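As provided, start-v8.txt (compact mmCIF, C-alpha atoms) reads as follows.
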# COMPACT_ATOMS: atom_id res chain seq x y z
CA MET A 17 -36.54 22.94 -23.48
CA VAL A 18 -32.93 24.10 -23.10
CA GLU A 19 -34.10 27.73 -22.98
CA ARG A 20 -35.32 27.13 -19.42
CA PHE A 21 -31.71 27.15 -18.20
CA PHE A 22 -31.07 30.72 -19.45
CA PRO A 23 -32.67 34.11 -18.76
CA THR A 24 -36.06 33.97 -20.35
CA LYS A 25 -39.32 35.85 -20.35
CA ARG A 26 -42.01 34.03 -18.46
CA SER A 27 -44.42 32.29 -20.79
CA SER A 28 -47.64 30.41 -20.13
CA GLY A 29 -46.08 27.32 -21.69
CA ASP A 30 -43.56 27.08 -18.87
CA GLU A 31 -46.15 25.79 -16.39
CA ASN A 32 -46.94 22.88 -18.64
CA HIS A 33 -43.27 21.94 -18.65
CA ARG A 34 -43.22 21.88 -14.88
CA ARG A 35 -46.18 19.62 -14.21
CA GLY A 36 -44.90 16.32 -12.85
CA ASN A 37 -41.68 16.88 -14.70
CA LEU A 38 -38.48 15.14 -13.70
CA SER A 39 -35.30 16.12 -15.50
CA LEU A 40 -31.60 15.33 -15.35
CA LEU A 41 -28.83 17.71 -16.38
CA SER A 42 -25.66 15.77 -17.06
CA GLY A 43 -22.31 17.25 -17.92
CA PRO A 44 -18.55 17.14 -17.34
CA ILE A 45 -16.93 18.69 -14.32
CA SER A 46 -16.81 22.51 -14.37
CA SER A 47 -19.20 22.81 -17.30
CA GLY A 48 -21.54 25.28 -15.58
CA LYS A 49 -24.18 22.85 -14.32
CA THR A 50 -24.68 24.67 -11.03
CA SER A 51 -24.97 27.98 -12.90
CA LEU A 52 -27.55 26.53 -15.29
CA LEU A 53 -29.53 25.06 -12.40
CA PHE A 54 -29.44 28.36 -10.56
CA GLN A 55 -30.72 30.23 -13.60
CA LEU A 56 -33.52 27.68 -13.88
CA ALA A 57 -34.33 28.31 -10.22
CA LEU A 58 -34.48 32.05 -10.89
CA ASN A 59 -36.74 31.53 -13.89
CA VAL A 60 -39.17 29.38 -11.92
CA ALA A 61 -39.13 31.65 -8.85
CA SER A 62 -39.81 34.68 -11.06
CA ALA A 63 -43.17 33.27 -12.12
CA SER A 64 -44.99 34.94 -9.21
CA THR A 65 -44.37 36.45 -5.77
CA THR A 66 -45.53 33.23 -4.11
CA THR A 67 -43.53 30.76 -6.19
CA ARG A 68 -40.84 28.96 -4.21
CA VAL A 69 -37.88 26.88 -5.28
CA VAL A 70 -35.79 24.56 -3.09
CA PHE A 71 -32.15 24.17 -4.13
CA ILE A 72 -30.48 21.15 -2.47
CA CYS A 73 -26.69 20.97 -2.44
CA HIS A 74 -23.55 20.28 -0.41
CA ARG A 75 -22.65 23.36 1.58
CA LYS A 76 -18.89 23.15 1.04
CA LYS A 77 -19.28 22.62 -2.70
CA ILE A 78 -21.48 25.59 -3.35
CA GLU A 79 -19.46 27.85 -1.07
CA SER A 80 -16.26 26.94 -2.86
CA ASN A 81 -17.84 26.98 -6.35
CA PRO A 82 -20.80 29.34 -6.29
CA PRO A 83 -22.90 29.59 -9.45
CA PHE A 84 -22.21 32.24 -12.07
CA LEU A 85 -25.16 34.52 -12.69
CA SER A 86 -26.24 35.65 -16.11
CA GLN A 87 -25.40 39.21 -17.06
CA GLY A 88 -28.02 41.71 -16.09
CA ILE A 89 -29.32 39.72 -13.12
CA ASP A 90 -29.68 41.96 -10.06
CA PRO A 91 -28.21 40.09 -7.03
CA SER A 92 -30.38 42.18 -4.69
CA SER A 93 -33.63 41.14 -6.41
CA ASP A 94 -36.47 39.81 -4.24
CA VAL A 95 -36.58 36.70 -6.41
CA PHE A 96 -33.54 35.32 -4.57
CA ASN A 97 -35.58 35.30 -1.34
CA ARG A 98 -37.86 32.74 -2.91
CA ILE A 99 -35.02 30.31 -3.60
CA GLN A 100 -34.37 28.29 -0.44
CA ILE A 101 -30.89 26.76 -0.31
CA LYS A 102 -31.09 23.48 1.59
CA TYR A 103 -27.78 21.93 2.61
CA VAL A 104 -27.86 18.13 2.63
CA ASP A 105 -24.81 16.07 3.49
CA ASP A 106 -25.69 12.57 2.35
CA ASP A 107 -28.14 10.39 0.44
CA GLU A 108 -30.07 9.60 3.61
CA GLY A 109 -30.82 13.32 3.98
CA ILE A 110 -32.30 13.40 0.49
CA ARG A 111 -34.49 10.38 1.21
CA LYS A 112 -35.72 11.91 4.46
CA TYR A 113 -36.65 15.12 2.64
CA PHE A 114 -38.73 13.32 0.03
CA ALA A 115 -40.17 10.86 2.54
CA ALA A 116 -41.68 13.86 4.32
CA PHE A 117 -42.58 15.81 1.17
CA HIS A 118 -46.31 15.22 1.64
CA LEU A 119 -46.15 17.10 4.95
CA HIS A 120 -45.97 20.36 2.97
CA HIS A 121 -49.12 22.41 3.11
CA VAL A 122 -50.35 22.92 -0.44
CA ASP A 123 -49.52 26.65 -0.21
CA ASP A 124 -45.95 25.86 0.85
CA LEU A 125 -45.17 23.31 -1.83
CA PRO A 126 -42.16 24.41 -3.86
CA SER A 127 -42.74 24.74 -7.60
CA ALA A 128 -39.39 23.15 -8.21
CA VAL A 129 -36.90 21.10 -6.24
CA ILE A 130 -33.39 21.16 -7.65
CA ILE A 131 -30.65 18.80 -6.49
CA ASP A 132 -27.13 19.79 -7.53
CA ASP A 133 -24.66 16.95 -8.15
CA PHE A 134 -27.14 14.22 -7.22
CA GLY A 135 -24.76 11.40 -8.14
CA ASP A 136 -22.11 12.71 -5.77
CA TYR A 137 -24.35 11.86 -2.81
CA PHE A 138 -23.75 8.20 -3.66
CA SER A 139 -20.10 8.29 -4.72
CA LYS A 140 -18.95 8.02 -1.13
CA LEU A 141 -20.59 4.61 -0.94
CA ASN A 142 -18.04 3.32 -3.43
CA SER A 143 -15.31 3.48 -0.86
CA VAL A 144 -17.21 1.50 1.73
CA MET A 145 -19.42 -0.84 -0.25
CA ASN A 146 -19.35 -2.14 -3.81
CA SER A 147 -20.94 -0.38 -6.78
CA ARG A 148 -24.07 -2.52 -6.50
CA ALA A 149 -24.77 -1.05 -3.10
CA ARG A 150 -24.30 2.40 -4.61
CA ASP A 151 -26.76 1.59 -7.38
CA MET A 152 -29.30 0.20 -4.92
CA ALA A 153 -29.12 3.38 -2.86
CA MET A 154 -29.68 5.44 -6.04
CA VAL A 155 -32.66 3.28 -6.99
CA ARG A 156 -34.28 3.73 -3.59
CA THR A 157 -33.69 7.46 -3.63
CA LEU A 158 -34.90 8.05 -7.18
CA ALA A 159 -38.03 5.98 -6.57
CA LEU A 160 -38.80 8.02 -3.46
CA CYS A 161 -38.15 11.33 -5.25
CA HIS A 162 -40.36 10.26 -8.15
CA ASN A 163 -43.19 9.17 -5.87
CA ALA A 164 -43.00 12.41 -3.86
CA ILE A 165 -43.14 14.62 -6.96
CA VAL A 166 -45.94 12.65 -8.65
CA ASP A 167 -47.95 12.72 -5.43
CA ALA A 168 -47.34 16.47 -4.94
CA ASN A 169 -48.60 17.16 -8.45
CA ARG A 170 -52.06 15.98 -7.38
CA LYS A 171 -52.27 19.32 -5.59
CA ALA A 172 -49.92 21.76 -7.30
CA LEU A 173 -47.35 22.06 -10.06
CA CYS A 174 -44.04 20.72 -8.91
CA GLU A 175 -40.98 19.55 -10.78
CA LEU A 176 -37.67 17.93 -9.89
CA VAL A 177 -34.40 18.73 -11.62
CA LEU A 178 -31.19 16.85 -10.85
CA SER A 179 -27.67 17.40 -12.04
CA GLU A 180 -24.98 14.78 -12.38
CA THR A 181 -21.31 15.00 -13.28
CA ASN A 182 -20.34 12.58 -16.00
CA HIS A 183 -16.87 11.70 -17.17
CA GLY A 184 -17.84 10.65 -20.66
CA ASP A 185 -20.74 11.19 -22.96
CA SER A 186 -23.48 10.04 -20.64
CA PRO A 187 -24.02 9.51 -16.93
CA ARG A 188 -22.51 6.30 -15.59
CA SER A 189 -25.80 5.24 -14.15
CA LEU A 190 -27.95 6.29 -17.11
CA PHE A 191 -29.82 2.97 -17.09
CA ILE A 192 -30.96 3.75 -13.54
CA TYR A 193 -31.88 7.38 -14.13
CA LYS A 194 -33.92 6.56 -17.25
CA ARG A 195 -36.31 4.41 -15.22
CA TRP A 196 -37.59 7.47 -13.34
CA ILE A 197 -36.30 10.50 -15.25
CA PRO A 198 -37.82 10.92 -18.72
CA LYS A 199 -36.04 14.15 -19.65
CA ILE A 200 -32.27 14.22 -19.92
CA PHE A 201 -30.20 17.25 -20.87
CA THR A 202 -26.56 16.62 -21.78
CA ILE A 203 -23.65 19.07 -21.84
CA LYS A 204 -20.63 18.57 -24.05
CA GLY A 205 -17.57 20.74 -24.60
CA HIS A 206 -17.72 22.67 -27.84
CA GLY A 207 -13.98 23.01 -28.30
CA ASP A 208 -13.71 26.80 -28.17
CA GLY A 209 -14.28 27.16 -24.44
CA SER A 210 -18.03 27.02 -24.94
CA PHE A 211 -20.42 24.21 -24.12
CA LEU A 212 -23.36 22.71 -25.99
CA LEU A 213 -26.53 21.83 -24.09
CA THR A 214 -28.84 19.34 -25.81
CA SER A 215 -32.02 17.51 -24.90
CA ASN A 216 -32.77 13.81 -25.36
CA ASP A 217 -35.78 15.00 -27.35
CA THR A 218 -34.15 15.43 -30.75
CA SER A 219 -36.95 17.72 -31.93
CA GLU A 220 -35.88 20.35 -29.41
CA ARG A 221 -33.27 23.02 -29.96
CA SER A 222 -29.75 23.07 -28.50
CA ALA A 223 -27.97 25.91 -26.71
CA LYS A 224 -24.35 27.00 -26.97
CA TYR A 225 -23.17 28.84 -23.89
CA SER A 226 -20.06 29.92 -22.01
CA ILE A 227 -18.96 30.52 -18.42
CA ALA A 228 -15.43 31.62 -19.34
CA LEU A 229 -15.92 35.21 -18.17
CA GLN A 230 -17.50 34.10 -14.85
CA TYR A 231 -20.94 34.92 -16.17
CA LEU A 232 -23.39 32.47 -17.66
CA ILE A 233 -23.63 33.66 -21.26
CA LEU A 234 -26.01 32.17 -23.80
CA GLU A 235 -24.21 32.45 -27.12
CA GLN A 236 -26.61 30.79 -29.52
CA ILE A 237 -29.76 28.74 -29.74
CA ILE A 238 -29.30 26.12 -32.43
CA ASP A 239 -32.30 24.75 -34.23
CA ASP A 240 -31.10 21.40 -35.60
CA SER A 241 -34.43 20.67 -37.24
CA MET B 6 -40.55 -2.82 -22.14
CA ASN B 7 -42.60 0.41 -22.39
CA VAL B 8 -45.02 -1.33 -24.77
CA THR B 9 -45.57 -4.02 -22.12
CA LEU B 10 -46.43 -1.42 -19.53
CA LEU B 11 -48.69 0.50 -21.90
CA VAL B 12 -50.67 -2.64 -22.75
CA ALA B 13 -50.80 -3.53 -19.06
CA ASP B 14 -52.10 -0.04 -18.22
CA ALA B 15 -55.00 -0.56 -20.59
CA VAL B 16 -55.82 -3.87 -18.89
CA TRP B 17 -55.58 -2.33 -15.40
CA SER B 18 -57.98 0.44 -16.46
CA ASN B 19 -60.50 -2.09 -17.73
CA ILE B 20 -60.25 -4.15 -14.55
CA GLU B 21 -60.73 -1.04 -12.41
CA SER B 22 -63.80 0.03 -14.33
CA THR B 23 -65.51 -3.35 -13.93
CA GLY B 24 -64.11 -4.37 -10.53
CA SER B 25 -63.39 -7.84 -11.80
CA VAL B 26 -60.95 -9.62 -14.08
CA THR B 27 -61.93 -11.82 -17.03
CA GLU B 28 -60.15 -14.92 -18.32
CA GLU B 29 -59.12 -12.99 -21.39
CA GLN B 30 -57.54 -10.25 -19.28
CA LEU B 31 -55.70 -12.85 -17.21
CA SER B 32 -54.39 -14.38 -20.44
CA ILE B 33 -53.08 -11.02 -21.59
CA LEU B 34 -51.47 -10.39 -18.22
CA HIS B 35 -49.91 -13.85 -18.29
CA LEU B 36 -48.51 -13.12 -21.73
CA LEU B 37 -47.02 -9.86 -20.48
CA PHE B 38 -45.70 -10.94 -17.11
CA GLY B 39 -45.23 -14.72 -17.29
CA LYS B 40 -44.87 -16.71 -14.08
CA ASN B 41 -44.85 -13.56 -11.99
CA LEU B 42 -48.59 -13.25 -12.61
CA GLU B 43 -49.32 -16.62 -10.98
CA LYS B 44 -47.15 -15.69 -8.03
CA ALA B 45 -48.91 -12.33 -7.77
CA THR B 46 -52.37 -13.91 -7.76
CA ARG B 47 -51.25 -16.33 -5.02
CA ILE B 48 -50.12 -13.37 -2.90
CA ILE B 49 -53.48 -11.65 -3.44
CA ASP B 50 -55.42 -14.84 -2.60
CA LYS B 51 -53.56 -14.98 0.71
CA ARG B 52 -54.57 -11.34 1.35
CA GLY B 53 -50.94 -10.35 1.27
CA VAL B 54 -51.40 -6.79 -0.07
CA LYS B 55 -51.80 -3.80 2.22
CA LYS B 56 -52.23 -0.18 1.16
CA ILE B 57 -50.95 2.26 3.72
CA SER B 58 -52.37 5.75 3.26
CA GLY B 59 -51.33 8.89 5.10
CA LEU B 60 -54.00 11.24 6.38
CA PRO B 61 -54.80 13.91 5.47
CA SER B 62 -52.39 14.00 2.51
CA GLY B 63 -53.56 10.82 0.80
CA ARG B 64 -50.01 9.80 -0.15
CA SER B 65 -49.74 6.03 -0.01
CA ILE B 66 -47.47 3.04 -0.33
CA PHE B 67 -48.17 -0.66 -0.63
CA GLN B 68 -46.79 -3.36 1.64
CA VAL B 69 -46.69 -6.80 0.06
CA VAL B 70 -45.97 -10.10 1.80
CA GLY B 71 -43.34 -12.25 0.15
CA GLU B 72 -43.84 -15.91 -0.67
CA SER B 73 -40.96 -17.26 1.38
CA GLN B 74 -41.52 -18.88 4.74
CA LYS B 75 -40.18 -15.81 6.43
CA ARG B 76 -43.17 -13.89 5.03
CA GLU B 77 -41.13 -10.74 4.63
CA GLU B 78 -43.01 -7.57 3.88
CA TYR B 79 -41.80 -5.40 1.02
CA LEU B 80 -42.58 -1.73 0.58
CA CYS B 81 -43.73 -1.15 -2.95
CA PHE B 82 -44.75 1.61 -5.35
CA PRO B 83 -46.60 -0.55 -7.89
CA GLY B 84 -45.42 1.26 -10.99
CA ASP B 85 -41.92 2.17 -9.87
CA TYR B 86 -40.27 0.33 -7.05
CA CYS B 87 -40.11 -2.66 -4.75
CA GLY B 88 -37.72 -3.31 -1.91
CA CYS B 89 -37.13 -6.93 -2.92
CA TYR B 90 -33.94 -8.27 -4.41
CA SER B 91 -35.66 -9.31 -7.62
CA PHE B 92 -36.72 -5.76 -8.40
CA PHE B 93 -33.20 -4.47 -8.24
CA TYR B 94 -31.57 -7.45 -9.93
CA ASP B 95 -34.08 -8.69 -12.51
CA VAL B 96 -36.01 -5.49 -13.22
CA VAL B 97 -33.52 -2.63 -12.92
CA SER B 98 -30.06 -4.14 -13.44
CA ARG B 99 -30.77 -6.84 -16.00
CA GLY B 100 -34.00 -5.44 -17.45
CA GLU B 101 -35.33 -8.99 -17.81
CA HIS B 102 -38.73 -8.32 -16.27
CA PRO B 103 -40.92 -5.23 -16.43
CA CYS B 104 -41.77 -5.61 -12.74
CA CYS B 105 -41.48 -8.03 -9.84
CA LYS B 106 -44.30 -10.20 -8.48
CA HIS B 107 -44.84 -7.88 -5.52
CA GLN B 108 -45.38 -4.87 -7.79
CA LEU B 109 -47.72 -6.97 -9.90
CA ALA B 110 -49.65 -8.13 -6.85
CA ALA B 111 -49.99 -4.53 -5.65
CA ARG B 112 -51.10 -3.33 -9.08
CA LEU B 113 -53.66 -6.08 -9.54
CA ALA B 114 -54.96 -5.74 -6.00
CA SER B 115 -55.23 -1.99 -6.50
CA SER B 116 -57.30 -2.46 -9.65
CA LEU B 117 -59.57 -5.05 -8.04
CA GLY B 118 -59.77 -3.39 -4.63
CA THR B 119 -58.58 -6.60 -2.97
CA TYR B 120 -56.14 -5.09 -0.48
CA ASN B 121 -56.29 -4.26 3.21
CA GLU B 122 -56.41 -0.51 3.64
CA ILE B 123 -54.63 0.97 6.62
CA GLU B 124 -54.77 4.66 7.38
CA VAL B 125 -51.96 6.25 9.33
CA SER B 126 -50.93 9.79 10.17
CA ASP B 127 -48.82 11.64 7.63
CA ASP B 128 -46.01 11.74 10.19
CA HIS B 129 -46.10 7.96 10.54
CA LEU B 130 -46.11 7.55 6.77
CA ALA B 131 -43.07 9.82 6.48
CA LEU B 132 -41.25 7.63 8.96
CA MET B 133 -42.12 4.50 6.98
CA LEU B 134 -41.05 6.07 3.69
CA SER B 135 -37.74 7.20 5.15
CA LYS B 136 -36.86 3.55 5.73
CA ILE B 137 -37.32 2.51 2.10
This entry written out as structure tokens:
Amino acid sequence: MVERFFPTKRSSGDENHRRGNLSLLSGPISSGKTSLLFQLALNVASASTTTRVVFICHRKKIESNPPFLSQGIDPSSDVFNRIQIKYVDDDEGIRKYFAAFHLHHVDDLPSAVIIDDFGDYFSKLNSVMNSRARDMAMVRTLALCHNAIVDANRKALCELVLSETNHGDSPRSLFIYKRWIPKIFTIKGHGDGSFLLTSNDTSERSAKYSIALQYLILEQIIDDS
Amino acid sequence: MNVTLLVADAVWSNIESTGSVTEEQLSILHLLFGKNLEKATRIIDKRGVKKISGLPSGRSIFQVVGESQKREEYLCFPGDYCGCYSFFYDVVSRGEHPCCKHQLAARLASSLGTYNEIEVSDDHLALMLSKI
């Protein structure tokens, strides 16, 4: 559901979306992916006072391009205390995190783990090794992430959401992602400074949004059916 | 490919419920997985499948011995991943096979209960998983 990336009232249906769910948000550079992910984090963390979200990202990237909040969000809200920003520098760091994921006590399990710009953790490998080595590293990491999340869901609701920058219509490594990630959201430019967010489930609605005014603004929900 | 795995899932469930595999089930599995099934059964016959479980979490991974003389051991999530070259090349990159023989061996052994079970601490399991 694209609505999960925008301010939304908590609904009982949201928990069903989170169970064992792995999603990918793919879009061009500077299309508001980090902002959408952060709003999703806020939505999940707002579910209860004990709900936690882990947001994994590069420190320099998020400090230089922090997410835009939606209008009306109070930056001093307690909800932000339940979003843990975890700075990870490389793909090995991501694998270590998910290799140890089962060490969480059931009460400490995050309800969602979000990884911003997942593909960028492997782009550095292109300069040292060939693209096959990059793909192999992605395969190992995605398999480990998937196993960690599926295992965690034996005890509590937990989902994984990744973002990836694409330079065309779909992620370069879509054939790899699809093996472990069933849900793919794609962002495309809408031509008037807005963006269109769609799901790979064609029965679901799309969302037109903008970040032009340095706020995340949902302009329209489009029901294509 | 998804149809293959769905049919296979039904067969695995039946094998698990009875604890044994019939000729008919082997025929279906051979139809789905080809020569990899024979290779998988050879690995199981040589007791080449280990299940490593972390305590107290219960998270687990399989370790499957390869058929080469080196007898390499591959870490394997039966449904999703194997550390062997064939998984990456034949299964992921070329999409020619739904799974490799090591995954198949782990899956079949899991259904039949014909694996060596090793319990380790959760810390030890984390260390193993970090080296995938």
Per residue of chain A within 10 Å of chain B, which atom pair is closest and at what distance in Å (one decimal), using only C-alpha atoms, listed by chain and increasing number, as a tab-separated table?
residue	atom	partner	partner_atom	distance
A:Glu108	CA	B:Ser135	CA	8.2
A:Gly109	CA	B:Ser135	CA	9.3
A:Ile110	CA	B:Ser135	CA	9.5
A:Arg111	CA	B:Ser135	CA	6.0
A:Lys112	CA	B:Ser135	CA	5.2
A:Tyr113	CA	B:Ser135	CA	8.4
A:Phe114	CA	B:Ser135	CA	8.0
A:Ala115	CA	B:Ala131	CA	5.0
A:Ala116	CA	B:Ala131	CA	4.8
A:Phe117	CA	B:Ala131	CA	8.0
A:His118	CA	B:Ser62	CA	6.3
A:Leu119	CA	B:Asp127	CA	6.6
A:His120	CA	B:Ser62	CA	9.0
A:His121	CA	B:Ser62	CA	9.0
A:Val122	CA	B:Ser62	CA	9.6
A:Arg148	CA	B:Ser98	CA	9.3
A:Asp151	CA	B:Phe93	CA	8.9
A:Met152	CA	B:Phe93	CA	6.9
A:Ala153	CA	B:Ile137	CA	9.6
A:Val155	CA	B:Phe93	CA	7.9
A:Arg156	CA	B:Ile137	CA	6.6
A:Thr157	CA	B:Ile137	CA	8.4
A:Leu158	CA	B:Tyr86	CA	9.4
A:Ala159	CA	B:Tyr86	CA	6.1
A:Leu160	CA	B:Leu134	CA	7.7
A:His162	CA	B:Asp85	CA	8.4
A:Asn163	CA	B:Phe82	CA	7.7
A:Ala164	CA	B:Arg64	CA	8.3
A:Val166	CA	B:Arg64	CA	9.8
A:Asp167	CA	B:Arg64	CA	6.4
A:Ala168	CA	B:Arg64	CA	8.6
A:Arg170	CA	B:Arg64	CA	9.7
A:Lys171	CA	B:Ser62	CA	9.7
A:Phe191	CA	B:Val97	CA	7.9
A:Ile192	CA	B:Val97	CA	6.9
A:Arg195	CA	B:Val97	CA	7.9
A:Trp196	CA	B:Asp85	CA	7.7
- Can you tell me, as JSON, numbers by chain, what residues are no more than 7 Å from Gln68 in chain B when counting only C-alpha atoms, ignoring any on the same chain fewer than 2 positions away? {"B": [54, 55, 56, 66, 70, 78, 79, 80, 81]}
- Which is closer to Gly39 in chain B than all the others in B:Glu21, B:Asn121, B:Glu77, B:Leu109, using only C-alpha atoms? B:Leu109
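With distances restricted to all atoms listed in the file, B:Ser115 is the closest residue to Pro83 in chain B from B:Ser58, B:Thr46, B:Ser115, B:Ser18.
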- Note on the structure: One residue among A:Pro126, A:Gly209, A:Gly43, A:Pro91 is nearest to Glu235 in chain A when using only C-alpha atoms, and that residue is A:Gly209
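Taking CA of Glu124 in chain B as the reference point, CA of Ile57 in chain B is found at 5.8 Å.
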